[in-house]
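A.B. asks: Got a structure for you, coords_39.cif, holding mmCIF, C-alpha atoms.
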data_input
loop_
_atom_site.group_PDB
_atom_site.id
_atom_site.type_symbol
_atom_site.label_atom_id
_atom_site.label_comp_id
_atom_site.auth_asym_id
_atom_site.auth_seq_id
_atom_site.Cartn_x
_atom_site.Cartn_y
_atom_site.Cartn_z
ATOM 1 C CA GLU A 1 -0.135 131.898 55.708
ATOM 2 C CA PHE A 2 -0.755 129.963 58.923
ATOM 3 C CA VAL A 3 -2.825 127.320 57.142
ATOM 4 C CA GLY A 4 -0.556 127.171 54.110
ATOM 5 C CA THR A 5 2.622 126.702 56.141
ATOM 6 C CA ALA A 6 0.937 124.130 58.366
ATOM 7 C CA LEU A 7 -0.014 122.142 55.265
ATOM 8 C CA LEU A 8 3.480 122.458 53.827
ATOM 9 C CA VAL A 9 5.080 121.123 57.005
ATOM 10 C CA GLY A 10 2.454 118.494 57.829
ATOM 11 C CA VAL A 11 2.049 117.068 54.331
ATOM 12 C CA GLY A 12 5.495 117.864 52.954
ATOM 13 C CA LEU A 13 7.386 116.350 55.873
ATOM 14 C CA SER A 14 5.145 113.291 55.870
ATOM 15 C CA ILE A 15 6.421 112.762 52.326
ATOM 16 C CA VAL A 16 9.981 113.224 53.600
ATOM 17 C CA ILE A 17 9.417 110.619 56.320
ATOM 18 C CA VAL A 18 7.961 108.034 53.933
ATOM 19 C CA ASP A 19 10.556 108.568 51.202
ATOM 20 C CA THR A 20 13.693 108.705 53.339
ATOM 21 C CA SER A 21 12.889 106.182 56.066
ATOM 22 C CA PRO A 22 15.394 103.294 56.005
ATOM 23 C CA ALA A 23 12.501 100.924 56.662
ATOM 24 C CA GLY A 24 10.439 102.289 53.779
ATOM 25 C CA PRO A 25 10.299 100.906 50.240
ATOM 26 C CA VAL A 26 11.425 104.057 48.396
ATOM 27 C CA VAL A 27 15.091 103.992 49.406
ATOM 28 C CA GLY A 28 15.320 100.283 48.630
ATOM 29 C CA VAL A 29 13.901 100.740 45.129
ATOM 30 C CA LEU A 30 15.379 104.088 44.066
ATOM 31 C CA GLY A 31 18.474 104.280 46.224
ATOM 32 C CA ALA A 32 19.449 107.257 48.388
ATOM 33 C CA GLY A 33 19.898 109.678 45.480
ATOM 34 C CA GLY A 34 16.668 108.693 43.757
ATOM 35 C CA ALA A 35 14.765 108.958 47.028
ATOM 36 C CA ARG A 36 16.136 112.483 47.554
ATOM 37 C CA ALA A 37 15.116 113.587 44.059
ATOM 38 C CA LEU A 38 11.613 112.146 44.442
ATOM 39 C CA THR A 39 11.252 113.715 47.877
ATOM 40 C CA GLY A 40 12.255 117.135 46.549
ATOM 41 C CA ALA A 41 9.850 116.887 43.628
ATOM 42 C CA LEU A 42 6.915 115.901 45.841
ATOM 43 C CA PHE A 43 7.763 118.535 48.447
ATOM 44 C CA GLY A 44 7.867 121.173 45.701
ATOM 45 C CA THR A 45 4.584 119.868 44.349
ATOM 46 C CA THR A 46 3.032 120.331 47.784
ATOM 47 C CA GLY A 47 4.091 123.982 47.779
ATOM 48 C CA ALA A 48 2.810 124.438 44.223
ATOM 49 C CA LEU A 49 -0.610 123.015 45.097
ATOM 50 C CA ILE A 50 -0.845 125.354 48.091
ATOM 51 C CA ALA A 51 -0.021 128.287 45.808
ATOM 52 C CA VAL A 52 -2.854 127.531 43.373
ATOM 53 C CA SER A 53 -5.343 126.635 46.133
ATOM 54 C CA PRO A 54 -7.836 129.011 47.780
ATOM 55 C CA VAL A 55 -5.276 129.450 50.569
ATOM 56 C CA GLY A 56 -2.808 130.878 48.080
ATOM 57 C CA LYS A 57 -5.526 133.027 46.581
ATOM 58 C CA VAL A 58 -5.976 134.812 49.902
ATOM 59 C CA SER A 59 -2.394 135.282 51.098
ATOM 60 C CA GLY A 60 -0.197 134.742 48.059
ATOM 61 C CA ALA A 61 1.276 131.504 49.458
ATOM 62 C CA HIS A 62 4.633 132.778 50.626
ATOM 63 C CA ILE A 63 4.767 129.969 53.247
ATOM 64 C CA ASN A 64 8.423 130.902 53.759
ATOM 65 C CA PRO A 65 9.872 133.893 55.662
ATOM 66 C CA ILE A 66 12.564 134.559 53.043
ATOM 67 C CA VAL A 67 9.946 134.845 50.293
ATOM 68 C CA THR A 68 8.177 137.446 52.408
ATOM 69 C CA LEU A 69 11.501 139.197 53.016
ATOM 70 C CA ALA A 70 12.191 139.279 49.274
ATOM 71 C CA PHE A 71 8.839 140.936 48.546
ATOM 72 C CA VAL A 72 9.470 143.517 51.279
ATOM 73 C CA LEU A 73 12.856 144.393 49.820
ATOM 74 C CA ARG A 74 11.263 144.703 46.379
ATOM 75 C CA GLY A 75 8.811 147.227 47.812
ATOM 76 C CA ARG A 76 5.701 145.079 47.452
ATOM 77 C CA MET A 77 4.834 144.617 51.131
ATOM 78 C CA ARG A 78 4.735 146.901 54.111
ATOM 79 C CA PRO A 79 7.036 145.770 56.954
ATOM 80 C CA TRP A 80 4.202 145.537 59.484
ATOM 81 C CA LEU A 81 2.280 143.175 57.219
ATOM 82 C CA ALA A 82 5.419 141.133 56.575
ATOM 83 C CA ALA A 83 5.948 140.757 60.328
ATOM 84 C CA GLY A 84 2.438 139.299 60.593
ATOM 85 C CA TYR A 85 3.166 136.942 57.715
ATOM 86 C CA VAL A 86 6.348 135.636 59.336
ATOM 87 C CA ALA A 87 4.627 135.169 62.696
ATOM 88 C CA ALA A 88 1.829 133.217 60.989
ATOM 89 C CA GLN A 89 4.355 131.087 59.089
ATOM 90 C CA LEU A 90 6.300 130.144 62.217
ATOM 91 C CA CYS A 91 3.131 129.338 64.164
ATOM 92 C CA GLY A 92 1.772 127.373 61.215
ATOM 93 C CA ALA A 93 4.983 125.356 61.006
ATOM 94 C CA LEU A 94 4.682 124.398 64.666
ATOM 95 C CA ALA A 95 1.026 123.453 64.189
ATOM 96 C CA GLY A 96 1.773 121.342 61.125
ATOM 97 C CA ALA A 97 4.671 119.584 62.850
ATOM 98 C CA ALA A 98 2.442 118.674 65.793
ATOM 99 C CA ALA A 99 0.886 115.946 63.625
ATOM 100 C CA LEU A 100 4.215 114.330 62.701
ATOM 101 C CA PRO A 101 4.609 112.188 65.864
ATOM 102 C CA ALA A 102 1.712 110.123 64.523
ATOM 103 C CA TRP A 103 4.306 108.434 62.285
ATOM 104 C CA GLY A 104 5.771 106.823 65.402
ATOM 105 C CA ALA A 105 9.009 104.887 64.998
ATOM 106 C CA THR A 106 9.103 105.528 61.255
ATOM 107 C CA GLY A 107 9.147 109.257 61.861
ATOM 108 C CA ARG A 108 11.614 109.094 64.739
ATOM 109 C CA ALA A 109 14.058 107.171 62.566
ATOM 110 C CA VAL A 110 14.515 110.261 60.375
ATOM 111 C CA GLY A 111 13.982 112.893 63.078
ATOM 112 C CA PHE A 112 10.485 113.659 61.740
ATOM 113 C CA GLY A 113 12.115 115.297 58.728
ATOM 114 C CA ALA A 114 14.308 117.697 60.709
ATOM 115 C CA THR A 115 17.099 119.425 58.786
ATOM 116 C CA LEU A 116 20.563 118.956 60.301
ATOM 117 C CA PRO A 117 24.071 119.755 59.025
ATOM 118 C CA GLY A 118 25.693 116.702 57.465
ATOM 119 C CA ARG A 119 28.166 115.176 59.893
ATOM 120 C CA SER A 120 30.718 114.829 57.107
ATOM 121 C CA TYR A 121 30.566 118.563 56.343
ATOM 122 C CA GLY A 122 29.721 120.588 59.460
ATOM 123 C CA PRO A 123 27.612 123.691 60.119
ATOM 124 C CA LEU A 124 29.679 126.150 58.079
ATOM 125 C CA THR A 125 29.489 124.086 54.890
ATOM 126 C CA ALA A 126 25.784 123.487 55.550
ATOM 127 C CA CYS A 127 25.294 127.249 55.873
ATOM 128 C CA VAL A 128 26.983 127.834 52.525
ATOM 129 C CA GLY A 129 24.693 125.224 50.998
ATOM 130 C CA GLU A 130 21.653 127.007 52.416
ATOM 131 C CA VAL A 131 22.878 130.344 51.077
ATOM 132 C CA VAL A 132 23.271 128.947 47.564
ATOM 133 C CA THR A 133 19.960 127.060 47.453
ATOM 134 C CA SER A 134 17.987 129.911 49.038
ATOM 135 C CA ALA A 135 19.485 132.471 46.664
ATOM 136 C CA THR A 136 18.639 130.211 43.731
ATOM 137 C CA LEU A 137 15.048 129.857 44.928
ATOM 138 C CA VAL A 138 14.492 133.605 45.362
ATOM 139 C CA VAL A 139 16.202 134.624 42.108
ATOM 140 C CA LEU A 140 14.145 132.178 40.056
ATOM 141 C CA LEU A 141 10.953 133.089 41.908
ATOM 142 C CA LEU A 142 11.458 136.802 41.200
ATOM 143 C CA ALA A 143 12.331 136.008 37.589
ATOM 144 C CA PHE A 144 9.065 134.122 37.146
ATOM 145 C CA VAL A 145 6.729 136.529 38.942
ATOM 146 C CA GLY A 146 8.489 139.494 37.333
ATOM 147 C CA SER A 147 7.865 138.248 33.796
ATOM 148 C CA LYS A 148 4.416 138.787 32.301
ATOM 149 C CA ARG A 149 4.825 135.720 30.103
ATOM 150 C CA ALA A 150 6.174 133.354 32.768
ATOM 151 C CA ARG A 151 4.337 134.417 35.923
ATOM 152 C CA ARG A 152 1.330 132.154 35.361
ATOM 153 C CA PHE A 153 3.730 129.188 35.343
ATOM 154 C CA THR A 154 5.383 130.107 38.665
ATOM 155 C CA PRO A 155 4.023 127.115 40.661
ATOM 156 C CA LEU A 156 5.512 124.760 38.059
ATOM 157 C CA LEU A 157 8.957 126.017 39.059
ATOM 158 C CA PHE A 158 8.971 124.338 42.467
ATOM 159 C CA PRO A 159 8.818 120.579 41.749
ATOM 160 C CA PRO A 160 11.825 120.383 39.391
ATOM 161 C CA LEU A 161 13.779 122.998 41.343
ATOM 162 C CA TYR A 162 13.443 121.175 44.657
ATOM 163 C CA ALA A 163 14.052 117.806 43.007
ATOM 164 C CA LEU A 164 17.410 119.086 41.773
ATOM 165 C CA MET A 165 18.364 120.988 44.923
ATOM 166 C CA VAL A 166 17.466 118.170 47.313
ATOM 167 C CA TYR A 167 19.268 115.642 45.148
ATOM 168 C CA LEU A 168 22.474 117.698 45.054
ATOM 169 C CA GLU A 169 22.533 119.586 48.346
ATOM 170 C CA ALA A 170 20.588 117.547 50.921
ATOM 171 C CA PRO A 171 23.697 115.700 52.173
ATOM 172 C CA LEU A 172 25.131 119.070 53.232
ATOM 173 C CA SER A 173 22.218 120.628 55.110
ATOM 174 C CA GLY A 174 19.003 118.784 54.280
ATOM 175 C CA THR A 175 17.988 121.559 51.840
ATOM 176 C CA SER A 176 15.675 123.656 53.950
ATOM 177 C CA THR A 177 15.634 127.122 52.259
ATOM 178 C CA ASN A 178 12.858 127.895 54.741
ATOM 179 C CA PRO A 179 13.325 128.767 58.443
ATOM 180 C CA ALA A 180 9.710 127.850 59.202
ATOM 181 C CA ARG A 181 10.070 124.431 57.569
ATOM 182 C CA SER A 182 13.103 123.718 59.781
ATOM 183 C CA LEU A 183 11.557 125.101 62.963
ATOM 184 C CA GLY A 184 8.555 122.735 63.008
ATOM 185 C CA PRO A 185 10.301 119.347 63.048
ATOM 186 C CA ALA A 186 13.174 120.678 65.179
ATOM 187 C CA ALA A 187 10.679 121.541 67.923
ATOM 188 C CA VAL A 188 8.968 118.131 67.685
ATOM 189 C CA ALA A 189 12.151 116.049 67.518
ATOM 190 C CA GLY A 190 14.258 118.262 69.785
ATOM 191 C CA ALA A 191 16.854 118.369 66.996
ATOM 192 C CA TRP A 192 18.511 121.758 67.447
ATOM 193 C CA ARG A 193 22.029 120.942 66.261
ATOM 194 C CA GLY A 194 23.171 123.755 63.994
ATOM 195 C CA TRP A 195 19.775 125.481 64.226
ATOM 196 C CA TRP A 196 21.319 128.868 63.341
ATOM 197 C CA VAL A 197 22.254 127.541 59.883
ATOM 198 C CA TYR A 198 18.573 127.491 58.881
ATOM 199 C CA TRP A 199 18.128 131.156 59.741
ATOM 200 C CA VAL A 200 21.426 132.675 58.674
ATOM 201 C CA GLY A 201 21.755 130.702 55.435
ATOM 202 C CA PRO A 202 18.289 131.419 53.968
ATOM 203 C CA ILE A 203 18.320 135.096 55.011
ATOM 204 C CA VAL A 204 21.774 135.732 53.543
ATOM 205 C CA GLY A 205 20.707 133.841 50.426
ATOM 206 C CA ALA A 206 17.610 136.039 50.066
ATOM 207 C CA LEU A 207 19.674 139.232 50.457
ATOM 208 C CA LEU A 208 22.123 137.969 47.848
ATOM 209 C CA ALA A 209 19.241 137.163 45.511
ATOM 210 C CA ILE A 210 17.820 140.670 45.850
ATOM 211 C CA ALA A 211 21.226 142.105 44.942
ATOM 212 C CA VAL A 212 21.396 139.823 41.888
ATOM 213 C CA SER A 213 17.865 140.779 40.830
ATOM 214 C CA ARG A 214 18.951 144.430 40.572
ATOM 215 C CA LEU A 215 21.628 143.691 37.999
ATOM 216 C CA HIS A 216 21.304 144.976 34.456
ATOM 217 C CA ALA A 217 20.334 141.541 33.149
ATOM 218 C CA PHE A 218 17.107 141.679 35.218
ATOM 219 C CA ARG A 219 16.184 145.259 34.299
ATOM 220 C CA ASP A 220 13.029 144.226 32.416
ATOM 221 C CA LEU A 221 11.546 142.275 35.330
ATOM 222 C CA GLU A 222 8.860 144.063 37.311
ATOM 223 C CA VAL A 223 7.349 142.392 40.372
ATOM 224 C CA GLU A 224 3.893 143.925 40.607
ATOM 225 C CA VAL A 225 2.281 141.943 43.414
ATOM 226 C CA ALA A 226 3.603 139.982 46.397
ATOM 227 C CA LYS A 227 2.012 136.687 45.371
ATOM 228 C CA VAL A 228 3.168 133.404 43.876
ATOM 229 C CA TYR A 229 -0.089 132.873 41.961
ATOM 230 C CA HIS A 230 -3.581 134.407 41.686
ATOM 231 C CA PHE A 231 -1.907 137.716 40.858
ATOM 232 C CA GLU A 232 -5.175 139.463 40.062
ATOM 233 C CA GLU A 233 -6.583 138.772 43.540
ATOM 234 C CA ASP A 234 -5.776 141.377 46.204
ATOM 235 C CA ARG A 235 -9.011 142.167 47.988
ATOM 236 C CA HIS A 236 -7.549 144.725 50.395
ATOM 237 C CA GLY A 237 -4.890 146.182 48.114
ATOM 238 C CA LEU A 238 -2.053 145.231 50.473
ATOM 239 C CA LEU A 239 0.092 143.108 48.183
ATOM 240 C CA HIS A 240 0.494 145.355 45.162
ATOM 241 C CA ARG A 241 3.176 147.866 44.373
ATOM 242 C CA GLN A 242 3.447 150.477 47.101
ATOM 243 C CA ARG A 243 4.005 154.086 46.075
ATOM 244 C CA ARG A 244 6.725 155.706 48.151
ATOM 245 C CA ARG A 245 6.707 159.297 49.268
ATOM 246 C CA GLY A 246 8.773 161.612 47.142
ATOM 247 C CA VAL A 247 8.809 159.229 44.172
ATOM 248 C CA PRO A 248 7.122 160.741 41.099
ATOM 249 C CA VAL A 249 4.244 158.930 39.474
ATOM 250 C CA SER A 250 5.124 156.866 36.413
ATOM 251 C CA PRO A 251 4.724 158.914 33.202
ATOM 252 C CA ARG A 252 2.112 156.465 31.957
ATOM 253 C CA ARG A 253 -0.073 157.144 34.977
ATOM 254 C CA ARG A 254 0.705 160.811 35.510
ATOM 255 C CA PRO A 255 -2.448 162.936 35.099
ATOM 256 C CA PRO A 256 -2.265 165.715 32.505
ATOM 257 C CA ALA A 257 -1.130 169.004 34.004
ATOM 258 C CA ARG A 258 -3.664 171.797 34.114
ATOM 259 C CA SER A 259 -2.827 174.640 31.811
ATOM 260 C CA THR A 260 -2.655 178.127 33.248
ATOM 261 C CA ARG A 261 -3.903 181.365 31.669
ATOM 262 C CA ARG A 262 -0.323 182.314 30.791
ATOM 263 C CA ASP A 263 0.227 178.927 29.073
ATOM 264 C CA ARG A 264 -2.957 179.342 27.025
ATOM 265 C CA ALA A 265 -1.941 182.826 26.009
ATOM 266 C CA SER A 266 1.502 181.680 24.904
ATOM 267 C CA ARG A 267 -0.066 179.013 22.670
ATOM 268 C CA ARG A 268 -2.322 181.476 20.807
ATOM 269 C CA PRO A 269 -1.164 182.259 17.267
ATOM 270 C CA ARG A 270 0.391 185.689 17.017
ATOM 271 C CA ARG A 271 -1.062 188.069 14.481
ATOM 272 C CA GLY A 272 1.290 189.887 12.178
ATOM 273 C CA ARG A 273 1.859 193.648 12.692
ATOM 274 C CA ARG A 274 -0.085 196.049 10.556
ATOM 275 C CA ARG A 275 1.993 198.285 8.357
#
Re-express the file's structure as structure tokens.
C.D. replies:
Amino acid sequence: EFVGTALLVGVGLSIVIVDTSPAGPVVGVLGAGGARALTGALFGTTGALIAVSPVGKVSGAHINPIVTLAFVLRGRMRPWLAAGYVAAQLCGALAGAAALPAWGATGRAVGFGATLPGRSYGPLTACVGEVVTSATLVVLLLAFVGSKRARRFTPLLFPPLYALMVYLEAPLSGTSTNPARSLGPAAVAGAWRGWWVYWVGPIVGALLAIAVSRLHAFRDLEVEVAKVYHFEEDRHGLLHRQRRRGVPVSPRRRPPARSTRRDRASRRPRRGRRR
């Protein structure tokens, strides 16, 4: 999770810097909206490649605290392990952002990819935008990993999803959906305006998504492992479904009950009475 989040921030925000810099060629060719859509698609592609890489094979490639939170609330991760994941993600984001100053003036022109509330909208509107985009991310992620047919295509969800979300919502908040992704460049650029938006919004969005995923329409979805890809890999058995105390074993896995002497006697055929 440390390495994966560091790659997401270092590589993903380098893409943001190149695509959105006023001095770069992308904005001039595609315009502001086209540059946002391309940036979102490439950022999502970065996350998808991390998910299918050996890094994702080991940890599941959450690379986002709200993804970890969603798996905890679905009963697929123990809280102590989730706390370690979040700590690794935040530290990885800071490590990945440490390389961003190498972009120099080009990076400083866009705050090294820091997410800030749009000045035309304000923090509250930005927070609402983060709630909506984060809830959308988590709902669709759970829908993919909870479907046996769709789960192998889960990484393909991220490029088009982020292309659309960044295109539509970036003017409001910058479309973070990830507290770790916002923490890294904020620390490097010293851009802390509205920092609470990028914690409150994604967390509330994840909680809302969990509530939505429990609706009747999602009754057939079953999240079996806390991973985005490589679902069969869980060397230490920490990311699969956890059995809670007091919850009976599923009927399909319940061992056959041992028959007692009284049960065997009751099943014996009775002989008719002699006249």
A.B. asks: Residues of segment 121-234 of chain A that have any atom at most 8 Å from an atom of segment 37-46 of chain A: could you tabulate them with the shortest-distance atom pair and the distance in Å to one decimal, using all atoms listed in the file, ordered by chain and increasing number, as CSV?
C.D. replies:
residue,atom,partner,partner_atom,distance
A:Phe158,CA,A:Gly44,CA,4.7
A:Pro159,CA,A:Gly44,CA,4.1
A:Pro160,CA,A:Ala41,CA,5.8
A:Leu161,CA,A:Gly44,CA,7.6
A:Tyr162,CA,A:Gly40,CA,4.6
A:Ala163,CA,A:Gly40,CA,4.0
A:Leu164,CA,A:Ala37,CA,6.4
A:Met165,CA,A:Gly40,CA,7.4
A:Val166,CA,A:Gly40,CA,5.4
A:Tyr167,CA,A:Ala37,CA,4.8
A.B. asks: Export, as a compact mmCIF listing (two decimals), in the frame of the given file, the selected residues with C-alpha atoms.
C.D. replies:
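Output contents, as saved in selection_38.txt:
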# COMPACT_ATOMS: atom_id res chain seq x y z
CA PHE A 158 8.97 124.34 42.47
CA PRO A 159 8.82 120.58 41.75
CA PRO A 160 11.82 120.38 39.39
CA LEU A 161 13.78 123.00 41.34
CA TYR A 162 13.44 121.18 44.66
CA ALA A 163 14.05 117.81 43.01
CA LEU A 164 17.41 119.09 41.77
CA MET A 165 18.36 120.99 44.92
CA VAL A 166 17.47 118.17 47.31
CA TYR A 167 19.27 115.64 45.15
A.B. asks: List the neighbours of Pro22 of chain A out to 9 Å using all atoms listed in the file; skip same-chain residues closer than 3 positions along the sequence, and give me the result as a list in words.
C.D. replies: Asp19, Pro25, Val26, Val27, Gly28, Thr106, Ala109 and Val110 of chain A
A.B. asks: For a quick check of your reading of the model, name the residues lying within 8 Å of the coordinate (23.9, 128.0, 57.4), counting all atoms listed in the file, and write them as a list in words.
C.D. replies: Pro123, Leu124, Thr125, Ala126, Cys127, Val128, Gly129, Glu130, Val131, Ser173, Gly194, Trp196, Val197, Tyr198, Trp199, Val200, Gly201 and Pro202 of chain A
A.B. asks: Could you give me, as a PyMOL selection string, the residues within 9 Å of segment 2-15 of chain A, counting all atoms listed in the file and dropping anything in the same chain fewer than 4 positions from it?
C.D. replies: chain A and resi 19-20+39+42-47+50-51+55-56+59+61-64+85+87-100+103+107+112-114+180-182+184-185
A.B. asks: May I ask for the distance between atom CA of Val58 of chain A and atom CA of Gly75 of chain A, given in Å to one decimal place?
C.D. replies: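 Atom CA of Gly75 of chain A lies 19.4 Å from atom CA of Val58 of chain A.
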A.B. asks: Edge lengths and centre in Å to one decimal, as JSON, of the axis-aligned box that encloses all listed atoms of segment 221-230 of chain A with 8 Å added on every side?
C.D. replies:
{"center_x": 4.0, "center_y": 138.5, "center_z": 40.9, "size_x": 31.1, "size_y": 27.2, "size_z": 27.1}
A.B. asks: Once the PyMOL selection byres ((chain A and resi 223) around 8) has been evaluated on this model, what residues remain selected, and can you format them as a PDB file with C-alpha atoms, keeping the file's coordinate frame?
C.D. replies:
ATOM      1  CA  ARG A  74      11.263 144.703  46.379  1.00  0.00           C
ATOM      2  CA  ARG A  76       5.701 145.079  47.452  1.00  0.00           C
ATOM      3  CA  LEU A 142      11.458 136.802  41.200  1.00  0.00           C
ATOM      4  CA  VAL A 145       6.729 136.529  38.942  1.00  0.00           C
ATOM      5  CA  GLY A 146       8.489 139.494  37.333  1.00  0.00           C
ATOM      6  CA  SER A 147       7.865 138.248  33.796  1.00  0.00           C
ATOM      7  CA  LEU A 221      11.546 142.275  35.330  1.00  0.00           C
ATOM      8  CA  GLU A 222       8.860 144.063  37.311  1.00  0.00           C
ATOM      9  CA  GLU A 224       3.893 143.925  40.607  1.00  0.00           C
ATOM     10  CA  VAL A 225       2.281 141.943  43.414  1.00  0.00           C
ATOM     11  CA  ALA A 226       3.603 139.982  46.397  1.00  0.00           C
ATOM     12  CA  ARG A 241       3.176 147.866  44.373  1.00  0.00           C
TER      13      ARG A 241
END
A.B. asks: Looking at only C-alpha atoms, which of A:Val72, A:Ala32, A:Ala186, A:Leu215 is the one that sits closest to Pro171 of chain A?
C.D. replies: A:Ala32
A.B. asks: Could you check how far atom CA of Lys148 of chain A sits from atom CA of Gly60 of chain A, in Å to one decimal?
C.D. replies: 16.9 Å
A.B. asks: Mind giving me the straight-line distance from atom CA of Pro79 of chain A to atom CA of Ile210 of chain A in Å, one decimal?
C.D. replies: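 Interatomic distance here is 16.3 Å.
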A.B. asks: Using all atoms listed in the file for the distances, tell me which of A:Gly237, A:Pro155, A:Pro101, A:Pro179 is nearest to Met77 of chain A.
C.D. replies: A:Gly237
A.B. asks: Name the closest residue to Ala191 of chain A among the candidates A:Leu81, A:Leu116, A:Leu208, A:Ala105; distances are taken between atoms, counting all atoms listed in the file.
C.D. replies: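 The answer is A:Leu116, which sits nearest to Ala191 of chain A.
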A.B. asks: So, counting all atoms listed in the file, which residue among A:Pro54, A:Gly122, A:Pro117, A:Gly111 is closest to Val16 of chain A?
C.D. replies: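 Between A:Pro54, A:Gly122, A:Pro117, A:Gly111, the residue approaching Val16 of chain A most closely is A:Gly111.
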A.B. asks: When you count all atoms listed in the file, which of these residues is closest to Tyr121 of chain A: A:Ile203, A:Leu69, A:Val212, A:Ala170?
C.D. replies: A:Ala170
